[in-house]
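J.: Got a file for you: input_3.cif, mmCIF, C-alpha atoms.
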```cif
data_input
loop_
_atom_site.label_atom_id
_atom_site.label_comp_id
_atom_site.auth_asym_id
_atom_site.auth_seq_id
_atom_site.Cartn_x
_atom_site.Cartn_y
_atom_site.Cartn_z
CA MET A 1085 -23.54 -4.86 20.69
CA ASN A 1086 -23.47 -1.15 19.95
CA SER A 1087 -23.54 -0.42 16.24
CA VAL A 1088 -22.74 2.60 14.10
CA GLU A 1089 -23.38 2.00 10.42
CA GLU A 1090 -21.66 4.69 8.40
CA GLY A 1091 -22.51 3.70 4.84
CA ASP A 1092 -19.22 2.97 3.12
CA LEU A 1093 -17.65 2.15 6.48
CA VAL A 1094 -19.07 -0.01 9.26
CA ALA A 1095 -17.51 0.46 12.70
CA ARG A 1096 -18.91 -1.46 15.62
CA VAL A 1097 -18.03 -3.36 18.77
CA GLU A 1098 -18.55 -7.12 18.58
CA GLY A 1099 -17.69 -8.72 21.90
CA ALA A 1100 -14.07 -7.79 22.62
CA ALA A 1101 -13.36 -6.64 19.06
CA GLY A 1102 -13.65 -3.18 17.57
CA VAL A 1103 -14.54 -4.16 14.01
CA ILE A 1104 -13.79 -1.83 11.09
CA ARG A 1105 -15.32 -3.07 7.84
CA LEU A 1106 -14.63 -1.39 4.51
CA ASN A 1107 -18.08 -1.53 2.96
CA ARG A 1108 -17.94 -0.81 -0.78
CA PRO A 1109 -17.90 -4.36 -2.15
CA LYS A 1110 -18.84 -3.33 -5.71
CA ALA A 1111 -15.67 -1.17 -5.83
CA ILE A 1112 -13.60 -3.87 -4.04
CA ASN A 1113 -13.81 -1.51 -1.04
CA ALA A 1114 -11.78 1.30 -2.64
CA VAL A 1115 -11.22 3.90 0.09
CA THR A 1116 -12.51 7.47 -0.03
CA LEU A 1117 -11.52 10.50 2.05
CA GLU A 1118 -14.73 10.12 4.10
CA MET A 1119 -13.84 6.50 4.86
CA PHE A 1120 -10.38 7.51 6.13
CA ARG A 1121 -12.08 10.06 8.39
CA ASP A 1122 -14.55 7.46 9.65
CA ILE A 1123 -11.69 5.03 10.39
CA GLU A 1124 -9.96 7.77 12.44
CA LYS A 1125 -13.19 8.30 14.44
CA ALA A 1126 -13.58 4.56 14.96
CA LEU A 1127 -10.00 4.24 16.21
CA ASP A 1128 -10.58 7.15 18.63
CA ARG A 1129 -13.63 5.35 20.01
CA PHE A 1130 -12.03 1.91 20.19
CA GLU A 1131 -8.82 3.20 21.77
CA ALA A 1132 -10.82 4.86 24.56
CA ASP A 1133 -13.18 1.91 25.16
CA PRO A 1134 -11.78 -0.46 27.82
CA ALA A 1135 -14.13 -3.23 26.57
CA VAL A 1136 -12.32 -3.29 23.20
CA ALA A 1137 -9.31 -5.61 23.45
CA VAL A 1138 -8.48 -5.88 19.77
CA ILE A 1139 -9.14 -4.06 16.48
CA LEU A 1140 -10.20 -6.09 13.43
CA LEU A 1141 -9.98 -4.66 9.89
CA GLU A 1142 -11.93 -6.54 7.20
CA GLY A 1143 -13.46 -5.96 3.77
CA ALA A 1144 -17.06 -6.56 2.72
CA GLY A 1145 -17.79 -9.03 -0.09
CA GLU A 1146 -15.80 -11.88 -1.58
CA ARG A 1147 -13.32 -10.04 -3.79
CA GLY A 1148 -10.87 -8.50 -1.38
CA LEU A 1149 -10.00 -6.27 1.54
CA CYS A 1150 -9.39 -3.18 -0.59
CA ALA A 1151 -8.40 -2.40 -4.18
CA GLY A 1152 -6.78 0.91 -3.15
CA GLY A 1153 -7.73 4.55 -3.05
CA ASP A 1154 -10.58 6.13 -4.97
CA ILE A 1155 -8.36 6.94 -7.97
CA ARG A 1156 -11.11 8.22 -10.26
CA THR A 1157 -12.04 11.04 -7.85
CA LEU A 1158 -8.36 11.99 -7.45
CA TRP A 1159 -7.99 12.06 -11.25
CA GLU A 1160 -10.98 14.38 -11.60
CA SER A 1161 -9.53 16.75 -8.98
CA SER A 1162 -6.07 16.68 -10.60
CA LYS A 1163 -7.57 17.58 -13.99
CA VAL A 1164 -9.06 20.82 -12.62
CA ASN A 1165 -6.06 21.71 -10.45
CA GLY A 1166 -8.02 20.79 -7.32
CA ASP A 1167 -6.67 20.09 -3.84
CA LEU A 1168 -8.11 16.63 -3.10
CA GLY A 1169 -4.67 14.98 -3.35
CA LYS A 1170 -3.21 17.40 -0.83
CA ILE A 1171 -6.07 16.79 1.64
CA LEU A 1172 -6.62 13.05 1.12
CA TRP A 1173 -2.98 11.97 1.19
CA ARG A 1174 -2.27 14.11 4.26
CA GLU A 1175 -5.07 12.46 6.24
CA GLU A 1176 -4.36 9.00 4.84
CA TYR A 1177 -0.63 9.07 5.66
CA ILE A 1178 -1.28 10.37 9.19
CA LEU A 1179 -3.71 7.44 9.61
CA ASN A 1180 -1.10 4.97 8.28
CA ALA A 1181 1.36 6.16 10.94
CA ARG A 1182 -1.32 5.92 13.65
CA ILE A 1183 -2.07 2.30 12.71
CA LYS A 1184 1.64 1.44 13.05
CA ARG A 1185 1.79 2.78 16.60
CA PHE A 1186 -1.77 1.90 17.73
CA PRO A 1187 -1.66 0.83 21.40
CA LYS A 1188 -4.03 -2.14 21.10
CA PRO A 1189 -3.53 -5.23 18.92
CA TYR A 1190 -4.72 -4.37 15.39
CA VAL A 1191 -5.53 -7.40 13.23
CA ALA A 1192 -5.89 -6.98 9.46
CA PHE A 1193 -7.61 -9.69 7.39
CA MET A 1194 -5.71 -9.28 4.09
CA ASP A 1195 -7.95 -11.62 2.13
CA GLY A 1196 -8.40 -11.42 -1.65
CA ILE A 1197 -7.22 -8.24 -3.38
CA VAL A 1198 -5.11 -5.87 -1.24
CA MET A 1199 -3.61 -2.96 -3.16
CA GLY A 1200 -2.34 0.60 -2.67
CA GLY A 1201 -4.37 2.32 0.03
CA GLY A 1202 -5.54 -1.09 1.27
CA VAL A 1203 -1.91 -1.96 1.98
CA GLY A 1204 -1.61 1.26 3.98
CA LEU A 1205 -4.53 0.25 6.22
CA SER A 1206 -3.32 -3.32 6.75
CA ALA A 1207 0.43 -3.82 6.31
CA HIS A 1208 1.29 -1.44 9.19
CA ALA A 1209 -0.94 -3.46 11.55
CA SER A 1210 0.51 -5.37 14.50
CA HIS A 1211 -1.05 -8.63 13.21
CA ARG A 1212 -1.28 -9.13 9.44
CA VAL A 1213 -3.22 -12.17 8.25
CA VAL A 1214 -3.06 -13.25 4.60
CA THR A 1215 -4.94 -16.19 3.06
CA ASP A 1216 -4.78 -18.65 0.18
CA ARG A 1217 -6.75 -16.03 -1.82
CA THR A 1218 -4.53 -13.01 -1.10
CA ARG A 1219 -3.39 -10.99 -4.12
CA LEU A 1220 -1.32 -8.10 -2.75
CA ALA A 1221 0.31 -5.46 -4.94
CA MET A 1222 1.68 -1.94 -5.04
CA PRO A 1223 0.99 -1.22 -8.74
CA GLU A 1224 1.36 2.57 -8.59
CA VAL A 1225 4.22 2.91 -11.12
CA GLY A 1226 1.67 1.87 -13.75
CA LEU A 1227 -0.26 5.05 -12.88
CA GLY A 1228 2.70 7.42 -13.12
CA PHE A 1229 2.89 7.27 -9.31
CA PHE A 1230 5.03 5.37 -6.75
CA PRO A 1231 4.27 2.95 -3.87
CA ASP A 1232 3.03 5.36 -1.19
CA VAL A 1233 1.07 4.89 2.10
CA GLY A 1234 4.40 3.89 3.67
CA GLY A 1235 5.08 1.51 0.78
CA THR A 1236 8.63 2.80 0.44
CA PHE A 1237 9.23 1.99 4.13
CA LEU A 1238 7.81 -1.53 3.77
CA LEU A 1239 9.47 -2.36 0.45
CA SER A 1240 12.86 -1.08 1.59
CA ARG A 1241 12.68 -3.54 4.51
CA SER A 1242 11.94 -6.61 2.37
CA PRO A 1243 14.89 -9.01 2.12
CA GLY A 1244 17.55 -8.20 -0.47
CA GLU A 1245 16.09 -6.56 -3.58
CA ILE A 1246 12.65 -8.22 -3.30
CA GLY A 1247 11.08 -4.85 -2.41
CA THR A 1248 12.80 -3.11 -5.32
CA TYR A 1249 11.41 -5.78 -7.65
CA PHE A 1250 7.84 -5.54 -6.35
CA GLY A 1251 7.93 -1.73 -6.16
CA LEU A 1252 9.14 -1.24 -9.74
CA THR A 1253 7.17 -4.01 -11.45
CA GLY A 1254 3.93 -3.75 -9.47
CA GLN A 1255 3.79 -7.56 -9.60
CA THR A 1256 1.32 -9.37 -7.34
CA MET A 1257 2.30 -11.27 -4.19
CA ASN A 1258 0.39 -14.28 -2.93
CA GLY A 1259 0.10 -14.86 0.82
CA PRO A 1260 3.48 -16.59 1.38
CA ASP A 1261 5.19 -14.04 -0.93
CA ALA A 1262 3.74 -11.25 1.24
CA ILE A 1263 5.16 -12.87 4.37
CA HIS A 1264 8.59 -13.27 2.78
CA ALA A 1265 8.48 -9.61 1.67
CA ARG A 1266 7.56 -8.63 5.27
CA PHE A 1267 4.15 -7.24 4.33
CA ALA A 1268 2.34 -9.90 6.38
CA ASP A 1269 2.84 -12.29 9.27
CA VAL A 1270 0.80 -15.49 8.87
CA VAL A 1271 -1.26 -17.41 6.31
CA VAL A 1272 -4.68 -18.52 7.52
CA PRO A 1273 -6.90 -20.41 5.04
CA ALA A 1274 -9.78 -18.16 3.93
CA ALA A 1275 -12.22 -20.88 5.00
CA LYS A 1276 -10.98 -20.48 8.61
CA LEU A 1277 -11.38 -16.68 8.79
CA PRO A 1278 -14.94 -16.81 10.23
CA GLU A 1279 -13.72 -19.09 13.04
CA LEU A 1280 -10.69 -16.86 13.72
CA ARG A 1281 -12.94 -13.80 13.65
CA GLU A 1282 -15.22 -15.39 16.25
CA ALA A 1283 -12.20 -16.19 18.45
CA LEU A 1284 -10.99 -12.58 18.25
CA THR A 1285 -14.37 -11.30 19.46
CA ARG A 1286 -13.84 -13.46 22.54
CA ALA A 1287 -10.34 -12.13 23.32
CA ARG A 1288 -9.87 -11.32 26.98
CA SER A 1289 -9.77 -7.74 28.17
CA GLY A 1290 -6.24 -6.38 28.12
CA ALA A 1291 -5.06 -9.06 25.67
CA THR A 1292 -1.45 -8.41 24.69
CA ALA A 1293 0.07 -8.58 21.21
CA ALA A 1294 1.59 -11.95 22.23
CA ASP A 1295 -1.83 -13.27 23.30
CA VAL A 1296 -3.35 -12.30 19.96
CA SER A 1297 -0.43 -13.80 18.04
CA LYS A 1298 -0.88 -17.08 19.90
CA LEU A 1299 -4.59 -17.10 19.07
CA ILE A 1300 -3.99 -16.39 15.36
CA ASN A 1301 -1.17 -18.96 15.14
CA GLY A 1302 -3.67 -21.64 16.13
CA PHE A 1303 -5.31 -21.15 12.70
CA ALA A 1304 -2.15 -20.59 10.63
CA THR A 1305 -0.66 -22.90 7.99
CA GLY A 1306 2.97 -22.08 8.85
CA GLU A 1307 3.87 -21.06 5.28
CA THR A 1308 6.48 -18.31 5.11
CA ALA A 1309 7.91 -18.24 1.59
CA GLY A 1310 6.26 -18.23 -1.84
CA LEU A 1311 7.59 -18.60 -5.36
CA VAL A 1312 9.39 -15.25 -5.32
CA ALA A 1313 11.63 -16.32 -2.43
CA ALA A 1314 13.17 -18.97 -4.69
CA LYS A 1315 14.07 -16.25 -7.21
CA GLU A 1316 15.71 -14.02 -4.62
CA PRO A 1317 19.35 -14.56 -5.71
CA VAL A 1318 18.44 -13.67 -9.31
CA ILE A 1319 16.35 -10.66 -8.23
CA ASP A 1320 19.18 -9.44 -5.98
CA ALA A 1321 21.64 -9.57 -8.88
CA LEU A 1322 19.32 -7.80 -11.33
CA PHE A 1323 17.83 -5.12 -9.07
CA GLY A 1324 20.82 -4.23 -6.88
CA PHE A 1325 21.46 -0.88 -8.62
CA ASP A 1326 20.62 2.72 -7.79
CA ARG A 1327 19.84 3.79 -11.37
CA MET A 1328 16.99 2.48 -13.54
CA GLU A 1329 19.29 2.38 -16.58
CA ASP A 1330 21.57 -0.10 -14.76
CA ILE A 1331 18.65 -2.35 -13.78
CA VAL A 1332 17.39 -2.39 -17.38
CA ALA A 1333 20.92 -3.12 -18.67
CA ALA A 1334 21.28 -6.02 -16.21
CA LEU A 1335 17.96 -7.51 -17.31
CA LYS A 1336 18.97 -7.26 -20.97
CA ARG A 1337 22.34 -8.87 -20.25
CA ASP A 1338 20.72 -11.70 -18.31
CA GLY A 1339 18.34 -12.56 -21.14
CA SER A 1340 16.55 -15.34 -19.21
CA GLU A 1341 12.80 -15.90 -19.55
CA PHE A 1342 12.28 -14.21 -16.18
CA ALA A 1343 14.49 -11.22 -17.13
CA LEU A 1344 12.75 -10.74 -20.48
CA ALA A 1345 9.27 -10.97 -18.89
CA THR A 1346 10.37 -8.43 -16.26
CA LEU A 1347 11.73 -6.09 -18.97
CA LYS A 1348 8.38 -6.26 -20.77
CA THR A 1349 6.58 -5.36 -17.51
CA LEU A 1350 8.91 -2.41 -16.82
CA GLY A 1351 8.41 -1.26 -20.41
CA GLU A 1352 4.73 -0.65 -19.65
CA LYS A 1353 5.39 1.54 -16.59
CA SER A 1354 5.93 5.28 -16.30
CA PRO A 1355 9.67 6.02 -16.75
CA ARG A 1356 9.37 8.99 -14.42
CA GLY A 1357 7.38 6.89 -11.92
CA MET A 1358 10.10 4.23 -11.89
CA VAL A 1359 12.95 6.72 -11.41
CA VAL A 1360 11.07 8.44 -8.55
CA THR A 1361 10.21 5.06 -6.99
CA LEU A 1362 13.79 3.77 -7.08
CA LYS A 1363 15.11 6.98 -5.53
CA LEU A 1364 12.51 6.89 -2.73
CA LEU A 1365 13.21 3.20 -2.06
CA ARG A 1366 16.93 3.86 -1.72
CA LEU A 1367 16.36 6.86 0.58
CA ALA A 1368 13.95 4.75 2.67
CA ARG A 1369 16.68 2.21 3.46
CA THR A 1370 18.35 4.62 5.84
CA ALA A 1371 15.11 6.07 7.26
CA SER A 1372 14.73 5.69 11.01
CA SER A 1373 10.92 5.51 10.99
CA LEU A 1374 7.75 5.07 8.95
CA GLU A 1375 6.99 8.75 9.56
CA GLU A 1376 10.23 9.84 7.90
CA CYS A 1377 9.25 7.89 4.76
CA LEU A 1378 5.70 9.26 4.81
CA VAL A 1379 7.01 12.85 4.93
CA ARG A 1380 9.08 12.11 1.83
CA GLU A 1381 6.20 10.33 0.12
CA TYR A 1382 3.89 13.27 0.76
CA ARG A 1383 6.30 15.69 -0.94
CA ALA A 1384 6.53 13.38 -3.93
CA ALA A 1385 2.77 12.71 -4.03
CA LEU A 1386 1.95 16.42 -4.34
CA GLU A 1387 4.32 16.65 -7.30
CA VAL A 1388 2.75 13.53 -8.88
CA PHE A 1389 -0.71 15.06 -8.47
CA ARG A 1390 0.38 17.98 -10.66
CA SER A 1391 1.92 15.74 -13.32
CA ASP A 1392 0.65 14.73 -16.74
CA ASP A 1393 1.93 11.19 -16.11
CA PHE A 1394 -0.52 10.63 -13.24
CA ARG A 1395 -3.49 11.87 -15.25
CA GLU A 1396 -2.40 9.83 -18.26
CA GLY A 1397 -1.75 6.67 -16.24
CA VAL A 1398 -5.16 6.82 -14.55
CA ARG A 1399 -6.84 7.61 -17.87
CA ALA A 1400 -5.31 4.55 -19.53
CA ALA A 1401 -5.90 2.14 -16.61
CA VAL A 1402 -9.15 3.33 -15.03
CA ILE A 1403 -11.02 5.83 -17.21
CA ASP A 1404 -10.66 4.78 -20.87
CA LYS A 1405 -9.13 1.39 -19.97
CA ASP A 1406 -7.18 1.27 -23.23
CA ARG A 1407 -4.01 0.19 -21.35
CA ASN A 1408 -2.00 2.38 -23.69
CA PRO A 1409 -0.59 5.35 -21.76
CA THR A 1410 1.62 7.94 -23.44
CA TRP A 1411 4.29 8.64 -20.82
CA SER A 1412 6.18 11.91 -20.47
CA PRO A 1413 9.07 11.54 -20.99
CA PRO A 1414 8.71 8.24 -22.88
CA ARG A 1415 12.11 6.75 -21.97
CA ILE A 1416 13.96 6.17 -18.70
CA GLU A 1417 17.11 7.87 -20.02
CA ASP A 1418 15.08 11.04 -20.68
CA VAL A 1419 14.20 11.47 -16.98
CA THR A 1420 16.70 14.14 -15.92
CA PRO A 1421 17.92 15.04 -12.42
CA GLN A 1422 16.09 18.35 -12.90
CA MET A 1423 12.82 16.45 -13.39
CA LEU A 1424 13.46 14.34 -10.30
CA ALA A 1425 14.39 17.23 -7.98
CA PRO A 1426 10.85 18.63 -7.34
CA TYR A 1427 9.67 15.22 -6.05
CA LEU A 1428 12.26 15.37 -3.29
CA ALA A 1429 12.15 19.08 -2.43
CA GLU A 1430 10.94 20.37 0.93
CA ILE A 1431 7.48 21.99 0.76
CA GLY A 1432 7.54 24.51 3.61
CA ALA A 1433 4.19 25.08 5.30
CA ASP A 1434 2.66 22.08 3.52
CA GLU A 1435 5.06 19.54 5.07
CA LEU A 1436 3.36 16.48 6.60
CA LYS A 1437 3.29 16.66 10.40
CA PHE A 1438 2.27 14.05 12.95
CA ASN A 1439 0.64 14.66 16.34
#
```
For this file, write the structure as structure tokens.

T.:
Amino acid sequence: MNSVEEGDLVARVEGAAGVIRLNRPKAINAVTLEMFRDIEKALDRFEADPAVAVILLEGAGERGLCAGGDIRTLWESSKVNGDLGKILWREEYILNARIKRFPKPYVAFMDGIVMGGGVGLSAHASHRVVTDRTRLAMPEVGLGFFPDVGGTFLLSRSPGEIGTYFGLTGQTMNGPDAIHARFADVVVPAAKLPELREALTRARSGATAADVSKLINGFATGETAGLVAAKEPVIDALFGFDRMEDIVAALKRDGSEFALATLKTLGEKSPRGMVVTLKLLRLARTASSLEECLVREYRAALEVFRSDDFREGVRAAVIDKDRNPTWSPPRIEDVTPQMLAPYLAEIGADELKFN
């Protein structure tokens, strides 16, 4: 076993597996720029090593794979007009695209909490394993942001309006929900992960995606649809609009317990964040690739980084934790086309490019 311990990231070969472990358990493995860079290096090494048949992504500790990006550091940079957002998101999104097209089977253990940047490292994998403990979410609209890391690509490919619902509300998916929303492939009980992990380290050289799927399926429960799937007809009727005002009006008209609870949730989110999210989700439906969505997300992310809403959302959720953000503008109907335009505009030399 050759081992390289890199502090917040552990990357090592165990048998036939190139193991990448996010190693900040106290922060639920929130990902930093250095960790993204170390993952890139690990993938370089594992791709070139003929002894590595399969990649395994896992999180240290009991709480989850990854709670997202290191938001506090981004907030500090945004406050002083820094460039961390520009650098971090560029490298992160390029990594997300690489994971999607990685030539060897890439298995993500999506156990416990999986949010934001953690979704970007796992939901583009070739083999996505959720558990009975999975709590997956894209809660960015609550930070004045939008579901990035290819989130618009993933959500726009969920059945019906399920992705619109999850993207705008930031609600949490359990394992079967995540499979129904096409963010994951199989449920494996958390208690069986060590056994599955051991089996992956014994994968044969040159194992194909089909071989790895067969191995994983031997541990799977077969569940494919959670509670949200049963609500799909209602969600489709309420979220099948291209303007936030129309979605809100439909929820008010419906008046059911579910509609009123959803209205309350949307009322806590950034109006600008929701309008930007809905627009990006609709544009993503006709995108031909993950990369196309990531280019669009990068343009929007740079605009978010400059915005008061992002700083205010992070302040309320992460810094002061008062859960009482003052959004600008405060109402959905006050978000004008002129406000939306910069999030979608081309950015010249700064455009995201892939190798």

J.: If we count all atoms listed in the file and set the cut-off at 10 Å, which residues sit around Ile1403 in chain A, ignoring sequence neighbours fewer than 5 positions away in its own chain? Please answer as a list of chain:residue names.

T.: A:Ile1155, A:Arg1156, A:Trp1159, A:Arg1395, A:Glu1396, A:Gly1397, A:Val1398

J.: Starting from the point (-10.0, -20.5, -0.9), work out which residues of protein, DNA or RNA have an atom no more than 8 Å away when counting all atoms listed in the file; state them as an NGL selection string.

T.: :A and (1215-1217 or 1273-1275)

J.: Between CA of Pro1426 in chain A and CA of Phe1230 in chain A, what is the distance, to one decimal in Å?

T.: 14.5 Å

J.: So, counting all atoms listed in the file, which residue among A:Ala1137, A:Ala1126, A:Leu1179, A:Ala1132 is closest to Ser1289 in chain A?

T.: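 Checking each candidate against Ser1289 in chain A, we get A:Ala1137 as the closest.
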
J.: So which residues touch range 1345-1347 of chain A within 8 Å, counting only C-alpha atoms, skipping near sequence neighbours fewer than 6 positions away, as a ChimeraX atom specification?

T.: /A:1253,1332,1335-1336

J.: A:Arg1390, A:Gly1099, A:Ala1304, A:Tyr1249: which is nearest Ala1343 in chain A, counting only C-alpha atoms?

T.: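 The shortest atom-to-atom distance to Ala1343 in chain A comes from A:Tyr1249.
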
J.: Counting only C-alpha atoms, which residue out of A:Tyr1427, A:Ala1293, A:Trp1411, A:Arg1399 sits closest to Lys1163 in chain A?

T.: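 Checking each candidate against Lys1163 in chain A, we get A:Arg1399 as the closest.
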
J.: For each of A:Ile1197, A:Leu1374, A:Val1094, A:Val1214, take the minimum atom-to-atom distance to Leu1106 in chain A, counting only C-alpha atoms, then give the residue where this is smallest.

T.: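 Distance minimum relative to Leu1106 in chain A lands on A:Val1094.
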
J.: May I have the residues within 9 Å of Gly1244 in chain A as a list in words, using all atoms listed in the file and disregarding those fewer than 5 positions away in the same chain?

T.: Glu1316, Pro1317, Ile1319, Asp1320 and Gly1324 of chain A

J.: Step by step, work through what the PyMOL selection byres ((chain A and resi 1223) around 10) selects in the shown file, and finish by giving those residues as a short mmCIF file (atom, residue, chain, number, x, y, z; two decimals) with C-alpha atoms, keeping the file's coordinate frame.

T.:
```cif
data_model
loop_
_atom_site.label_atom_id
_atom_site.label_comp_id
_atom_site.auth_asym_id
_atom_site.auth_seq_id
_atom_site.Cartn_x
_atom_site.Cartn_y
_atom_site.Cartn_z
CA GLY A 1152 -6.78 0.91 -3.15
CA MET A 1199 -3.61 -2.96 -3.16
CA GLY A 1200 -2.34 0.60 -2.67
CA LEU A 1220 -1.32 -8.10 -2.75
CA ALA A 1221 0.31 -5.46 -4.94
CA MET A 1222 1.68 -1.94 -5.04
CA GLU A 1224 1.36 2.57 -8.59
CA VAL A 1225 4.22 2.91 -11.12
CA GLY A 1226 1.67 1.87 -13.75
CA LEU A 1227 -0.26 5.05 -12.88
CA GLY A 1228 2.70 7.42 -13.12
CA PHE A 1229 2.89 7.27 -9.31
CA PHE A 1230 5.03 5.37 -6.75
CA PRO A 1231 4.27 2.95 -3.87
CA PHE A 1250 7.84 -5.54 -6.35
CA GLY A 1251 7.93 -1.73 -6.16
CA LEU A 1252 9.14 -1.24 -9.74
CA THR A 1253 7.17 -4.01 -11.45
CA GLY A 1254 3.93 -3.75 -9.47
CA GLN A 1255 3.79 -7.56 -9.60
CA THR A 1256 1.32 -9.37 -7.34
CA LYS A 1353 5.39 1.54 -16.59
#
```
